[in-house]
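Undergrad: Right, I'll just put the structure down here and ask away after.
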Amino acid sequence: MAQLTIIRHGETEWSRDHRHTGRTDIPLTPTGEEQARAAGKLVADRDFALVLVSPLRRARATAVLAGLPDTGLDPDLMEWDYGGYEGLTTPQIRETVPGWYLWRDGVVSGDADHPGEQVSDVGARVDRVLERVRPVLDAGDDVALVAHGHVLRVLTARWLGLPPADGRLFALATAGVSDLGFEHGEPVMTAWNRRG
């Protein structure tokens with residue numbers, strides 16, 4: 001049966017330093033570039049009928065370095081907009097909001113470039129992505145998505161029929177490669193967080 005392969009982008013300075021990186025458009029580090037090439041080796045034997053990529057350059061570079069075929073950019077695959085928490089680490093946020101947890105507490109509004117969104121907003125975006133890829137999968141063809149940690153975790157929850165906030169259950173490493181598929185026609189996870 002067809003597989004939906006999801007690939008998180010390789011390491012950036014901010015992901016390495018555990019800073020919330022939503023819409024800030026930063027490049028891969030040299031380590032992230034190596035990770036992207038290694039992820040490509042895990043999918044080198046696959047024939048993807050459709051590849052969709054976040055427009056942010058860390059995802060686009062990962063797709064290219066992984067050797068994926070021509071890609072379509074999909075703004076619905078952009079990372080969670082962290083609003084006023086953009087660029088901050090969880091310990092920094094907890095200095096003013098004790099016990100803060102993204103999946104439970106969400107974000108605060110930021111500036112015009114980072115207005116912020118809640119997990120339900122991210123869920124609505126990934127639902128649109130899944131609506132676009134489902135006909136390709138139903139036709140028996142594989143699809144690849146290259147995007148970001150939190151948005152792909154929400155997408156996984158929605159694939160499995162869970163609420164968007166249940167994305168908290170699926171930790172995803174930089175350049176992690178995962179497969180979502182079917183068992184007896186029902187959506188399942190078939191592989192998670194493989195690294196090259």
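By order in the structure tokens, chains are A, B, ...; within a chain, residues start at 1; ligands start at 1, following the order shown.
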When you look at range 108-114 of chain A with a cut-off of 8 Å (counting only C-alpha atoms), what residues show up, excluding the ones that are within fewer than 5 positions of it in the same chain? I need them as a count of residues only.
TA: 7
Undergrad: Taking a cut-off of 8 Å and counting only C-alpha atoms, can you build a table that, for each residue of range 11-113 of chain A near range 129-137 of chain A, reports the nearest atom pair and how far apart they are in Å (one decimal), sorted by chain then residue number, as CSV?
TA:
```
residue,atom,partner,partner_atom,distance
A:Ala49,CA,A:Val136,CA,7.5
A:Leu50,CA,A:Val136,CA,7.6
A:Asp76,CA,A:Val129,CA,6.6
A:Leu77,CA,A:Val129,CA,7.5
```
Undergrad: Go ahead and write the residues just picked, N, CA and C atoms, as a PDB file, in the first residue's frame.
TA:
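Writing the result to part_24.pdb gives the following:
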```pdb
ATOM      1  N   ALA A  49       5.336  10.019  -6.129  1.00  0.00           N
ATOM      2  CA  ALA A  49       4.508  10.653  -7.149  1.00  0.00           C
ATOM      3  C   ALA A  49       4.293  12.127  -6.845  1.00  0.00           C
ATOM      4  N   LEU A  50       4.409  12.493  -5.582  1.00  0.00           N
ATOM      5  CA  LEU A  50       4.207  13.875  -5.157  1.00  0.00           C
ATOM      6  C   LEU A  50       5.141  14.173  -3.999  1.00  0.00           C
ATOM      7  N   ASP A  76       1.033  25.576   3.715  1.00  0.00           N
ATOM      8  CA  ASP A  76       0.389  24.916   4.853  1.00  0.00           C
ATOM      9  C   ASP A  76       1.363  24.033   5.629  1.00  0.00           C
ATOM     10  N   LEU A  77       2.543  23.754   5.064  1.00  0.00           N
ATOM     11  CA  LEU A  77       3.556  22.959   5.757  1.00  0.00           C
ATOM     12  C   LEU A  77       4.551  23.823   6.535  1.00  0.00           C
TER      13      LEU A  77
END
```
Undergrad: Select, from A:Gly149, A:Gly32, A:Gly140, A:Gly40, the residue with the minimum atom-to-atom distance to Ala63 in chain A, counting only C-alpha atoms.
TA: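 For Ala63 in chain A, the nearest of the candidates is A:Gly40.
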Undergrad: So which one's closest to Arg8 in chain A, A:Ala191, A:Val107, A:Val122, A:Leu172? Using only C-alpha atoms, please.
TA: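 So, comparing all the options, the nearest one is A:Leu172.
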Undergrad: Calculated over only C-alpha atoms, which of the candidates A:Met1, A:His150, A:Leu56, A:Arg194 has the smallest distance to Lys41 in chain A?
TA: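 Looking at the shortest contact to Lys41 in chain A, the residue is A:Arg194.
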Undergrad: Based on DSSP run over this structure's backbone, return all residues of range 2-161 of chain A in strand (DSSP E or B), as a ChimeraX atom specification.
TA: /A:4-8,12,19,28,48-53,72-73,89,142-147
